[in-house]
>>> print(open('work-v7.cif').read())   # mmCIF, C-alpha atoms
data_run
loop_
_atom_site.group_PDB
_atom_site.id
_atom_site.type_symbol
_atom_site.label_atom_id
_atom_site.label_comp_id
_atom_site.auth_asym_id
_atom_site.auth_seq_id
_atom_site.Cartn_x
_atom_site.Cartn_y
_atom_site.Cartn_z
ATOM 1 C CA GLN A 42 -14.944 29.750 -9.685
ATOM 2 C CA LEU A 43 -11.534 28.792 -8.359
ATOM 3 C CA GLN A 44 -8.563 30.211 -10.227
ATOM 4 C CA LEU A 45 -4.851 29.661 -9.707
ATOM 5 C CA GLN A 46 -2.179 31.883 -11.224
ATOM 6 C CA GLU A 47 1.553 31.252 -11.189
ATOM 7 C CA SER A 48 3.942 34.191 -11.151
ATOM 8 C CA GLY A 49 7.679 34.669 -11.006
ATOM 9 C CA PRO A 50 10.794 35.144 -13.124
ATOM 10 C CA GLY A 51 10.871 33.350 -16.450
ATOM 11 C CA LEU A 52 14.653 33.177 -16.500
ATOM 12 C CA VAL A 53 16.931 31.968 -13.720
ATOM 13 C CA LYS A 54 20.711 31.585 -13.794
ATOM 14 C CA PRO A 55 22.350 28.231 -13.059
ATOM 15 C CA SER A 56 23.129 27.640 -9.359
ATOM 16 C CA GLU A 57 20.597 30.280 -8.310
ATOM 17 C CA THR A 58 17.180 29.847 -6.711
ATOM 18 C CA LEU A 59 13.954 29.517 -8.666
ATOM 19 C CA SER A 60 11.066 31.244 -6.889
ATOM 20 C CA LEU A 61 7.416 31.043 -7.924
ATOM 21 C CA THR A 62 4.165 32.097 -6.294
ATOM 22 C CA CYS A 63 0.674 30.747 -6.888
ATOM 23 C CA THR A 64 -2.164 33.158 -6.155
ATOM 24 C CA VAL A 65 -5.512 31.556 -5.427
ATOM 25 C CA SER A 66 -8.756 33.392 -6.149
ATOM 26 C CA GLY A 67 -12.365 32.312 -5.869
ATOM 27 C CA GLY A 68 -11.647 30.119 -2.855
ATOM 28 C CA SER A 69 -9.762 30.078 0.427
ATOM 29 C CA ILE A 70 -6.355 28.494 0.711
ATOM 30 C CA SER A 71 -7.194 27.858 4.367
ATOM 31 C CA SER A 72 -9.894 25.319 3.596
ATOM 32 C CA SER A 73 -9.287 22.073 5.449
ATOM 33 C CA SER A 74 -10.410 20.053 2.432
ATOM 34 C CA TYR A 75 -7.501 20.799 0.145
ATOM 35 C CA TYR A 76 -3.786 20.460 -0.383
ATOM 36 C CA TRP A 77 -1.888 22.784 -2.715
ATOM 37 C CA GLY A 78 0.703 21.383 -5.069
ATOM 38 C CA TRP A 79 3.420 22.124 -7.576
ATOM 39 C CA ILE A 80 3.945 20.011 -10.691
ATOM 40 C CA ARG A 81 6.424 20.633 -13.493
ATOM 41 C CA GLN A 82 6.903 19.544 -17.093
ATOM 42 C CA PRO A 83 10.186 19.923 -18.985
ATOM 43 C CA PRO A 84 9.714 20.867 -22.642
ATOM 44 C CA GLY A 85 8.526 17.845 -24.607
ATOM 45 C CA LYS A 86 8.569 15.590 -21.547
ATOM 46 C CA GLY A 87 6.192 14.245 -18.923
ATOM 47 C CA LEU A 88 4.759 15.567 -15.694
ATOM 48 C CA GLU A 89 6.740 15.469 -12.448
ATOM 49 C CA TRP A 90 5.202 15.976 -9.013
ATOM 50 C CA ILE A 91 7.321 18.414 -7.005
ATOM 51 C CA GLY A 92 5.478 18.658 -3.722
ATOM 52 C CA SER A 93 2.476 19.994 -1.860
ATOM 53 C CA ILE A 94 1.450 21.895 1.243
ATOM 54 C CA TYR A 95 -1.526 21.945 3.570
ATOM 55 C CA TYR A 96 -2.827 25.266 4.874
ATOM 56 C CA SER A 97 -1.399 24.419 8.291
ATOM 57 C CA GLY A 98 2.066 24.465 6.744
ATOM 58 C CA ASP A 99 2.623 20.696 6.587
ATOM 59 C CA THR A 100 4.728 19.954 3.517
ATOM 60 C CA TYR A 101 5.323 16.881 1.382
ATOM 61 C CA TYR A 102 8.092 16.646 -1.196
ATOM 62 C CA ASN A 103 9.246 14.446 -4.053
ATOM 63 C CA PRO A 104 12.147 12.492 -2.532
ATOM 64 C CA SER A 105 14.300 13.199 -5.576
ATOM 65 C CA LEU A 106 13.927 16.964 -5.119
ATOM 66 C CA LYS A 107 13.509 17.184 -1.367
ATOM 67 C CA SER A 108 17.007 18.496 -0.661
ATOM 68 C CA ARG A 109 16.447 21.511 -2.939
ATOM 69 C CA VAL A 110 12.742 22.321 -2.534
ATOM 70 C CA THR A 111 10.835 24.496 -0.106
ATOM 71 C CA ILE A 112 7.087 25.084 -0.362
ATOM 72 C CA SER A 113 5.443 27.648 1.897
ATOM 73 C CA VAL A 114 1.977 29.132 2.352
ATOM 74 C CA ASP A 115 0.780 32.649 3.123
ATOM 75 C CA THR A 116 -2.833 32.375 4.192
ATOM 76 C CA SER A 117 -3.204 36.148 4.575
ATOM 77 C CA MET A 118 -2.395 36.618 0.887
ATOM 78 C CA ASN A 119 -4.134 33.414 -0.246
ATOM 79 C CA GLN A 120 -0.871 32.324 -1.862
ATOM 80 C CA PHE A 121 1.590 29.500 -1.729
ATOM 81 C CA SER A 122 5.123 29.498 -3.031
ATOM 82 C CA LEU A 123 7.859 27.286 -4.423
ATOM 83 C CA LYS A 124 11.579 27.706 -4.008
ATOM 84 C CA LEU A 125 14.010 25.410 -5.800
ATOM 85 C CA ASN A 126 17.665 26.073 -5.140
ATOM 86 C CA SER A 127 20.868 25.221 -6.986
ATOM 87 C CA VAL A 128 19.047 25.007 -10.309
ATOM 88 C CA THR A 129 20.544 23.580 -13.492
ATOM 89 C CA ALA A 130 19.341 23.391 -17.063
ATOM 90 C CA ALA A 131 17.493 20.203 -16.108
ATOM 91 C CA ASP A 132 15.122 22.336 -14.039
ATOM 92 C CA THR A 133 13.911 24.172 -17.144
ATOM 93 C CA ALA A 134 10.201 23.393 -17.303
ATOM 94 C CA VAL A 135 6.661 24.657 -17.265
ATOM 95 C CA TYR A 136 5.719 24.882 -13.614
ATOM 96 C CA TYR A 137 2.075 24.374 -12.635
ATOM 97 C CA CYS A 138 0.341 25.008 -9.350
ATOM 98 C CA ALA A 139 -2.774 22.979 -8.611
ATOM 99 C CA ARG A 140 -5.309 22.146 -5.922
ATOM 100 C CA ASP A 141 -5.570 18.596 -4.600
ATOM 101 C CA THR A 142 -8.863 17.549 -3.062
ATOM 102 C CA GLY A 143 -8.412 15.663 0.174
ATOM 103 C CA GLY A 144 -4.767 14.785 -0.303
ATOM 104 C CA SER A 145 -5.511 11.989 -2.757
ATOM 105 C CA GLY A 146 -3.699 13.374 -5.776
ATOM 106 C CA THR A 147 -6.973 14.613 -7.238
ATOM 107 C CA TYR A 148 -5.781 17.747 -8.999
ATOM 108 C CA LEU A 149 -9.031 19.167 -10.349
ATOM 109 C CA SER A 150 -7.960 22.796 -10.581
ATOM 110 C CA TRP A 151 -4.742 23.917 -12.251
ATOM 111 C CA GLY A 152 -3.007 27.165 -13.048
ATOM 112 C CA GLN A 153 -2.132 27.873 -16.660
ATOM 113 C CA GLY A 154 1.540 27.118 -16.036
ATOM 114 C CA THR A 155 4.606 29.283 -16.329
ATOM 115 C CA LEU A 156 7.793 28.483 -18.236
ATOM 116 C CA VAL A 157 10.984 28.880 -16.273
ATOM 117 C CA THR A 158 14.222 28.662 -18.222
ATOM 118 C CA VAL A 159 17.527 28.074 -16.482
ATOM 119 C CA SER A 160 20.268 29.707 -18.490
ATOM 120 C CA SER A 161 23.136 32.095 -18.047
ATOM 121 C CA GLN B 181 10.226 6.857 -6.457
ATOM 122 C CA SER B 182 10.340 5.976 -10.159
ATOM 123 C CA ALA B 183 7.850 7.177 -12.750
ATOM 124 C CA LEU B 184 4.980 4.800 -13.414
ATOM 125 C CA THR B 185 5.267 2.951 -16.726
ATOM 126 C CA GLN B 186 2.848 3.758 -19.539
ATOM 127 C CA PRO B 187 2.972 2.810 -23.223
ATOM 128 C CA ARG B 188 4.514 5.594 -25.255
ATOM 129 C CA SER B 189 1.614 5.681 -27.707
ATOM 130 C CA VAL B 190 -1.681 4.030 -28.541
ATOM 131 C CA SER B 191 -4.033 4.628 -31.434
ATOM 132 C CA GLY B 192 -7.529 3.803 -32.546
ATOM 133 C CA SER B 193 -10.190 4.719 -35.054
ATOM 134 C CA PRO B 194 -13.230 6.840 -34.207
ATOM 135 C CA GLY B 195 -15.808 4.794 -32.354
ATOM 136 C CA GLN B 196 -13.346 2.172 -31.197
ATOM 137 C CA SER B 197 -12.213 1.547 -27.638
ATOM 138 C CA LEU B 198 -8.700 1.717 -26.366
ATOM 139 C CA THR B 199 -7.014 1.100 -23.033
ATOM 140 C CA ILE B 200 -3.939 2.729 -21.541
ATOM 141 C CA SER B 201 -2.030 0.861 -18.855
ATOM 142 C CA CYS B 202 -0.116 2.356 -15.942
ATOM 143 C CA THR B 203 2.219 -0.017 -14.142
ATOM 144 C CA GLY B 204 3.787 0.690 -10.798
ATOM 145 C CA THR B 205 4.667 -1.258 -7.685
ATOM 146 C CA SER B 206 3.094 -2.315 -4.432
ATOM 147 C CA SER B 207 4.463 0.943 -2.975
ATOM 148 C CA ASP B 208 2.313 3.096 -5.211
ATOM 149 C CA VAL B 209 -0.386 1.816 -7.602
ATOM 150 C CA GLY B 210 -0.772 -1.527 -5.866
ATOM 151 C CA GLY B 211 -0.812 -0.113 -2.378
ATOM 152 C CA TYR B 212 -3.483 2.587 -2.595
ATOM 153 C CA SER B 213 -6.804 3.361 -4.212
ATOM 154 C CA TYR B 214 -5.570 6.813 -5.173
ATOM 155 C CA VAL B 215 -4.883 6.643 -8.892
ATOM 156 C CA SER B 216 -5.876 9.544 -11.095
ATOM 157 C CA TRP B 217 -5.702 10.148 -14.820
ATOM 158 C CA TYR B 218 -5.060 13.417 -16.657
ATOM 159 C CA GLN B 219 -5.622 14.447 -20.257
ATOM 160 C CA GLN B 220 -3.330 17.089 -21.713
ATOM 161 C CA HIS B 221 -3.741 18.809 -25.048
ATOM 162 C CA PRO B 222 -0.744 20.651 -26.549
ATOM 163 C CA ALA B 223 0.250 23.776 -24.642
ATOM 164 C CA LYS B 224 -2.595 23.292 -22.164
ATOM 165 C CA ALA B 225 -2.703 22.464 -18.488
ATOM 166 C CA PRO B 226 -3.629 18.872 -17.636
ATOM 167 C CA LYS B 227 -7.293 18.064 -17.070
ATOM 168 C CA LEU B 228 -8.483 15.559 -14.479
ATOM 169 C CA MET B 229 -10.393 12.701 -16.114
ATOM 170 C CA ILE B 230 -10.486 10.010 -13.408
ATOM 171 C CA TYR B 231 -9.760 10.073 -9.676
ATOM 172 C CA ASP B 232 -9.600 7.459 -6.937
ATOM 173 C CA VAL B 233 -9.083 4.733 -9.590
ATOM 174 C CA SER B 234 -12.527 4.838 -11.177
ATOM 175 C CA ASN B 235 -14.419 8.036 -10.347
ATOM 176 C CA ARG B 236 -15.226 10.658 -12.955
ATOM 177 C CA PRO B 237 -15.384 14.364 -12.102
ATOM 178 C CA SER B 238 -18.487 16.221 -13.143
ATOM 179 C CA GLY B 239 -18.428 17.038 -16.844
ATOM 180 C CA VAL B 240 -16.146 14.196 -17.942
ATOM 181 C CA PRO B 241 -17.937 11.970 -20.462
ATOM 182 C CA ASP B 242 -18.796 8.463 -19.323
ATOM 183 C CA ARG B 243 -16.770 7.188 -22.275
ATOM 184 C CA PHE B 244 -13.824 7.475 -19.914
ATOM 185 C CA SER B 245 -13.461 4.790 -17.259
ATOM 186 C CA GLY B 246 -10.742 3.645 -14.892
ATOM 187 C CA SER B 247 -9.833 0.428 -13.126
ATOM 188 C CA LYS B 248 -7.000 -1.220 -11.259
ATOM 189 C CA SER B 249 -5.687 -4.737 -10.826
ATOM 190 C CA GLY B 250 -2.679 -5.346 -8.635
ATOM 191 C CA ASN B 251 0.110 -2.946 -9.536
ATOM 192 C CA THR B 252 -1.474 -1.877 -12.834
ATOM 193 C CA ALA B 253 -4.128 0.770 -13.365
ATOM 194 C CA SER B 254 -5.941 1.275 -16.645
ATOM 195 C CA LEU B 255 -7.817 4.025 -18.422
ATOM 196 C CA THR B 256 -10.310 2.974 -21.083
ATOM 197 C CA ILE B 257 -11.756 5.319 -23.660
ATOM 198 C CA SER B 258 -14.876 3.908 -25.323
ATOM 199 C CA GLY B 259 -16.348 5.347 -28.483
ATOM 200 C CA LEU B 260 -13.152 7.184 -29.331
ATOM 201 C CA GLN B 261 -13.642 10.702 -30.666
ATOM 202 C CA ALA B 262 -11.319 13.071 -32.484
ATOM 203 C CA GLU B 263 -11.119 15.393 -29.478
ATOM 204 C CA ASP B 264 -9.736 12.541 -27.362
ATOM 205 C CA GLU B 265 -6.426 12.851 -29.212
ATOM 206 C CA ALA B 266 -4.065 14.071 -26.497
ATOM 207 C CA ASP B 267 -1.425 12.967 -24.007
ATOM 208 C CA TYR B 268 -2.624 11.026 -20.975
ATOM 209 C CA TYR B 269 -0.858 10.674 -17.637
ATOM 210 C CA CYS B 270 -1.627 8.499 -14.658
ATOM 211 C CA CYS B 271 -0.745 9.576 -11.135
ATOM 212 C CA SER B 272 -0.581 7.495 -7.985
ATOM 213 C CA HIS B 273 -0.212 8.069 -4.287
ATOM 214 C CA ALA B 274 3.213 6.778 -3.258
ATOM 215 C CA GLY B 275 2.989 6.950 0.506
ATOM 216 C CA SER B 276 3.161 9.785 3.041
ATOM 217 C CA TYR B 277 1.141 12.145 0.835
ATOM 218 C CA THR B 278 3.665 11.943 -1.989
ATOM 219 C CA TYR B 279 2.714 11.253 -5.585
ATOM 220 C CA VAL B 280 4.265 9.923 -8.756
ATOM 221 C CA PHE B 281 3.183 10.469 -12.340
ATOM 222 C CA GLY B 282 3.328 8.046 -15.217
ATOM 223 C CA THR B 283 5.594 8.452 -18.224
ATOM 224 C CA GLY B 284 2.698 9.560 -20.394
ATOM 225 C CA THR B 285 0.868 8.087 -23.388
ATOM 226 C CA LYS B 286 0.116 9.813 -26.660
ATOM 227 C CA VAL B 287 -3.309 8.849 -27.953
ATOM 228 C CA THR B 288 -3.789 9.180 -31.698
ATOM 229 C CA VAL B 289 -7.203 9.020 -33.349
ATOM 230 C CA LEU B 290 -6.704 7.575 -36.804
#
>>> encode(input="work-v7.cif", output="structure tokens")
Amino acid sequence: QLQLQESGPGLVKPSETLSLTCTVSGGSISSSSYYWGWIRQPPGKGLEWIGSIYYSGDTYYNPSLKSRVTISVDTSMNQFSLKLNSVTAADTAVYYCARDTGGSGTYLSWGQGTLVTVSS
Amino acid sequence: QSALTQPRSVSGSPGQSLTISCTGTSSDVGGYSYVSWYQQHPAKAPKLMIYDVSNRPSGVPDRFSGSKSGNTASLTISGLQAEDEADYYCCSHAGSYTYVFGTGTKVTVL
């Protein structure tokens, strides 16, 4: 059974870089059928799509975050990662990683989510 | 890329049907057949309920159905049950493998 697990610091200082990793188990990140995405949810608010990556390294980003976001993949570790730079308090959110079937926004499998707080 | 518009809340009694709308533009909802719906209970990860406008993943009750007309997609819950009380979000392809979520709807079972 596919499992995704987010990991990374729970507290980041303003203006610094938020870094998270999603470890995939029970399936290969190199499968040609899937895209791997990041979605976030500020406390008490709605979901926001951040971006996704294909195993080949092709990336797709939310235009509103594109200047600050980098998503990368490490097929040898079966992981993909998120970096968001120049963070502010507005970036405080639960960050989810998820698997998209076929690049259609069909996120069937999700990680449990990890809360990242931006504060000094 | 603006968030898709959903009603803030809808409610219904057990056994009734209710419909949640998701309004976008011709650049997202109206332009593609890639609309999905997610159910989220408090402090839980979202769960896929509908994909590609009207398809249900295995294990999702057939009480849940999806449709689309023009720039508006809809999720209908028939035979409302207590466990359906949750937040629901639509999501649409917005071109070039980018996606946009809806503002979210809180469903209350009276």
>>> interface_residues(input="work-v7.cif", of="chain B", to="chain A", cutoff="9 Å", atoms="all atoms listed in the file", output="PyMOL selection string")
chain B and resi 181+183+213-218+224-232+237+269+271-273+276-284
>>> residues_around(input="work-v7.cif", residues="Val110 of chain A", least_positions_apart="6", cutoff="8 Å", atoms="all atoms listed in the file", output="list in words")
Tyr102, Leu123, Lys124, Leu125 and Asn126 of chain A
>>> atom_distance(input="work-v7.cif", atom1="atom CA of Leu43 of chain A", atom2="atom CA of Ser60 of chain A")
22.8 Å
>>> atom_distance(input="work-v7.cif", atom1="atom CA of Asp267 of chain B", atom2="atom CA of Val128 of chain A")
27.4 Å
>>> axis_aligned_box(input="work-v7.cif", around="segment 209-222 of chain B", padding_each_side="3 Å", output="JSON")
{"center_x": -3.6, "center_y": 9.6, "center_z": -14.5, "size_x": 12.4, "size_y": 28.2, "size_z": 30.2}
>>> resolve_selection(input="work-v7.cif", expression="the PyMOL selection byres ((chain A and resi 72) around 12)", output="number ranges by chain")
A: 65, 68-71, 73-77, 95-97, 116, 119, 140-143
>>> residues_near_point(input="work-v7.cif", point="(13.4, 27.2, -20.5)", cutoff="10 Å", atoms="all atoms listed in the file", output="MDAnalysis selection string")
chainID A and resid 51:53 83:84 130:135 155:160
>>> resolve_selection(input="work-v7.cif", expression="the PyMOL selection byres ((chain B and resi 186-192) around 9)", output="list in words")
Leu184, Thr185, Ser193, Pro194, Gly195, Gln196, Ser197, Leu198, Thr199, Ile200, Ser201, Cys202, Thr203, Leu260, Glu265, Asp267, Tyr269, Cys270, Gly282, Thr283, Gly284, Thr285, Lys286, Val287, Thr288, Val289 and Leu290 of chain B
>>> atom_distance(input="work-v7.cif", atom1="atom CA of Leu61 of chain A", atom2="atom CA of Phe121 of chain A")
8.6 Å
>>> decode(input="work-v7.cif", residues="segment 54-91 of chain A", atoms="N, CA and C atoms", output="PDB file, in the first residue's frame")
ATOM      1  N   LYS A  54      12.228  30.599  10.435  1.00  0.00           N
ATOM      2  CA  LYS A  54      12.261  32.045  10.690  1.00  0.00           C
ATOM      3  C   LYS A  54      11.861  32.834   9.437  1.00  0.00           C
ATOM      4  N   PRO A  55      11.242  33.976   9.640  1.00  0.00           N
ATOM      5  CA  PRO A  55      10.905  34.836   8.488  1.00  0.00           C
ATOM      6  C   PRO A  55      12.139  35.150   7.660  1.00  0.00           C
ATOM      7  N   SER A  56      11.939  35.186   6.348  1.00  0.00           N
ATOM      8  CA  SER A  56      12.951  35.469   5.316  1.00  0.00           C
ATOM      9  C   SER A  56      13.830  34.259   5.007  1.00  0.00           C
ATOM     10  N   GLU A  57      13.697  33.192   5.797  1.00  0.00           N
ATOM     11  CA  GLU A  57      14.511  32.005   5.521  1.00  0.00           C
ATOM     12  C   GLU A  57      13.788  31.055   4.554  1.00  0.00           C
ATOM     13  N   THR A  58      14.400  29.900   4.339  1.00  0.00           N
ATOM     14  CA  THR A  58      13.861  28.935   3.382  1.00  0.00           C
ATOM     15  C   THR A  58      13.217  27.747   4.086  1.00  0.00           C
ATOM     16  N   LEU A  59      11.992  27.471   3.695  1.00  0.00           N
ATOM     17  CA  LEU A  59      11.265  26.301   4.191  1.00  0.00           C
ATOM     18  C   LEU A  59      11.660  25.105   3.325  1.00  0.00           C
ATOM     19  N   SER A  60      12.056  24.019   3.969  1.00  0.00           N
ATOM     20  CA  SER A  60      12.465  22.820   3.229  1.00  0.00           C
ATOM     21  C   SER A  60      11.739  21.600   3.781  1.00  0.00           C
ATOM     22  N   LEU A  61      11.063  20.882   2.914  1.00  0.00           N
ATOM     23  CA  LEU A  61      10.345  19.669   3.297  1.00  0.00           C
ATOM     24  C   LEU A  61      10.669  18.544   2.317  1.00  0.00           C
ATOM     25  N   THR A  62      10.627  17.327   2.831  1.00  0.00           N
ATOM     26  CA  THR A  62      10.840  16.144   2.006  1.00  0.00           C
ATOM     27  C   THR A  62       9.662  15.211   2.160  1.00  0.00           C
ATOM     28  N   CYS A  63       9.266  14.579   1.076  1.00  0.00           N
ATOM     29  CA  CYS A  63       8.215  13.567   1.096  1.00  0.00           C
ATOM     30  C   CYS A  63       8.837  12.227   0.713  1.00  0.00           C
ATOM     31  N   THR A  64       8.773  11.273   1.620  1.00  0.00           N
ATOM     32  CA  THR A  64       9.309   9.943   1.370  1.00  0.00           C
ATOM     33  C   THR A  64       8.176   9.020   0.962  1.00  0.00           C
ATOM     34  N   VAL A  65       8.355   8.371  -0.167  1.00  0.00           N
ATOM     35  CA  VAL A  65       7.335   7.485  -0.720  1.00  0.00           C
ATOM     36  C   VAL A  65       7.723   6.037  -0.442  1.00  0.00           C
ATOM     37  N   SER A  66       6.778   5.275   0.097  1.00  0.00           N
ATOM     38  CA  SER A  66       7.010   3.850   0.325  1.00  0.00           C
ATOM     39  C   SER A  66       5.830   3.059  -0.226  1.00  0.00           C
ATOM     40  N   GLY A  67       6.105   1.817  -0.606  1.00  0.00           N
ATOM     41  CA  GLY A  67       5.048   0.981  -1.155  1.00  0.00           C
ATOM     42  C   GLY A  67       4.794   1.222  -2.632  1.00  0.00           C
ATOM     43  N   GLY A  68       5.669   1.980  -3.275  1.00  0.00           N
ATOM     44  CA  GLY A  68       5.520   2.267  -4.695  1.00  0.00           C
ATOM     45  C   GLY A  68       6.728   3.045  -5.180  1.00  0.00           C
ATOM     46  N   SER A  69       6.963   3.043  -6.471  1.00  0.00           N
ATOM     47  CA  SER A  69       8.129   3.719  -7.022  1.00  0.00           C
ATOM     48  C   SER A  69       7.789   5.126  -7.503  1.00  0.00           C
ATOM     49  N   ILE A  70       8.632   6.067  -7.098  1.00  0.00           N
ATOM     50  CA  ILE A  70       8.439   7.439  -7.542  1.00  0.00           C
ATOM     51  C   ILE A  70       8.770   7.579  -9.028  1.00  0.00           C
ATOM     52  N   SER A  71       9.409   6.570  -9.585  1.00  0.00           N
ATOM     53  CA  SER A  71       9.821   6.621 -10.992  1.00  0.00           C
ATOM     54  C   SER A  71       8.754   6.098 -11.945  1.00  0.00           C
ATOM     55  N   SER A  72       7.612   5.737 -11.427  1.00  0.00           N
ATOM     56  CA  SER A  72       6.536   5.263 -12.292  1.00  0.00           C
ATOM     57  C   SER A  72       6.094   6.364 -13.247  1.00  0.00           C
ATOM     58  N   SER A  73       5.911   5.995 -14.509  1.00  0.00           N
ATOM     59  CA  SER A  73       5.530   6.975 -15.516  1.00  0.00           C
ATOM     60  C   SER A  73       4.067   7.401 -15.407  1.00  0.00           C
ATOM     61  N   SER A  74       3.321   6.756 -14.516  1.00  0.00           N
ATOM     62  CA  SER A  74       1.886   7.030 -14.437  1.00  0.00           C
ATOM     63  C   SER A  74       1.530   8.174 -13.510  1.00  0.00           C
ATOM     64  N   TYR A  75       2.510   8.649 -12.740  1.00  0.00           N
ATOM     65  CA  TYR A  75       2.164   9.569 -11.657  1.00  0.00           C
ATOM     66  C   TYR A  75       2.984  10.854 -11.660  1.00  0.00           C
ATOM     67  N   TYR A  76       2.352  11.883 -11.102  1.00  0.00           N
ATOM     68  CA  TYR A  76       3.003  13.132 -10.764  1.00  0.00           C
ATOM     69  C   TYR A  76       2.951  13.257  -9.245  1.00  0.00           C
ATOM     70  N   TRP A  77       3.876  14.011  -8.690  1.00  0.00           N
ATOM     71  CA  TRP A  77       4.007  14.114  -7.233  1.00  0.00           C
ATOM     72  C   TRP A  77       3.880  15.574  -6.839  1.00  0.00           C
ATOM     73  N   GLY A  78       2.932  15.848  -5.942  1.00  0.00           N
ATOM     74  CA  GLY A  78       2.589  17.241  -5.674  1.00  0.00           C
ATOM     75  C   GLY A  78       2.697  17.675  -4.230  1.00  0.00           C
ATOM     76  N   TRP A  79       2.706  18.995  -4.074  1.00  0.00           N
ATOM     77  CA  TRP A  79       2.662  19.626  -2.755  1.00  0.00           C
ATOM     78  C   TRP A  79       1.437  20.537  -2.686  1.00  0.00           C
ATOM     79  N   ILE A  80       0.706  20.427  -1.615  1.00  0.00           N
ATOM     80  CA  ILE A  80      -0.488  21.226  -1.357  1.00  0.00           C
ATOM     81  C   ILE A  80      -0.391  21.730   0.082  1.00  0.00           C
ATOM     82  N   ARG A  81      -0.836  22.961   0.334  1.00  0.00           N
ATOM     83  CA  ARG A  81      -0.762  23.469   1.691  1.00  0.00           C
ATOM     84  C   ARG A  81      -2.107  24.025   2.148  1.00  0.00           C
ATOM     85  N   GLN A  82      -2.238  24.180   3.468  1.00  0.00           N
ATOM     86  CA  GLN A  82      -3.481  24.653   4.052  1.00  0.00           C
ATOM     87  C   GLN A  82      -3.183  25.482   5.290  1.00  0.00           C
ATOM     88  N   PRO A  83      -3.280  26.804   5.182  1.00  0.00           N
ATOM     89  CA  PRO A  83      -3.093  27.648   6.373  1.00  0.00           C
ATOM     90  C   PRO A  83      -4.132  27.296   7.422  1.00  0.00           C
ATOM     91  N   PRO A  84      -3.805  27.493   8.689  1.00  0.00           N
ATOM     92  CA  PRO A  84      -4.746  27.146   9.765  1.00  0.00           C
ATOM     93  C   PRO A  84      -6.113  27.790   9.561  1.00  0.00           C
ATOM     94  N   GLY A  85      -7.157  26.970   9.549  1.00  0.00           N
ATOM     95  CA  GLY A  85      -8.513  27.460   9.417  1.00  0.00           C
ATOM     96  C   GLY A  85      -8.896  27.918   8.021  1.00  0.00           C
ATOM     97  N   LYS A  86      -8.028  27.685   7.049  1.00  0.00           N
ATOM     98  CA  LYS A  86      -8.311  28.154   5.686  1.00  0.00           C
ATOM     99  C   LYS A  86      -8.337  26.990   4.691  1.00  0.00           C
ATOM    100  N   GLY A  87      -8.462  27.326   3.419  1.00  0.00           N
ATOM    101  CA  GLY A  87      -8.621  26.313   2.391  1.00  0.00           C
ATOM    102  C   GLY A  87      -7.314  25.777   1.837  1.00  0.00           C
ATOM    103  N   LEU A  88      -7.451  24.844   0.910  1.00  0.00           N
ATOM    104  CA  LEU A  88      -6.310  24.199   0.289  1.00  0.00           C
ATOM    105  C   LEU A  88      -5.729  25.081  -0.820  1.00  0.00           C
ATOM    106  N   GLU A  89      -4.420  25.033  -0.953  1.00  0.00           N
ATOM    107  CA  GLU A  89      -3.727  25.764  -2.024  1.00  0.00           C
ATOM    108  C   GLU A  89      -2.745  24.823  -2.700  1.00  0.00           C
ATOM    109  N   TRP A  90      -2.858  24.689  -4.011  1.00  0.00           N
ATOM    110  CA  TRP A  90      -1.919  23.865  -4.771  1.00  0.00           C
ATOM    111  C   TRP A  90      -0.609  24.623  -4.922  1.00  0.00           C
ATOM    112  N   ILE A  91       0.500  23.987  -4.556  1.00  0.00           N
ATOM    113  CA  ILE A  91       1.803  24.632  -4.625  1.00  0.00           C
ATOM    114  C   ILE A  91       2.521  24.280  -5.927  1.00  0.00           C
TER     115      ILE A  91
END
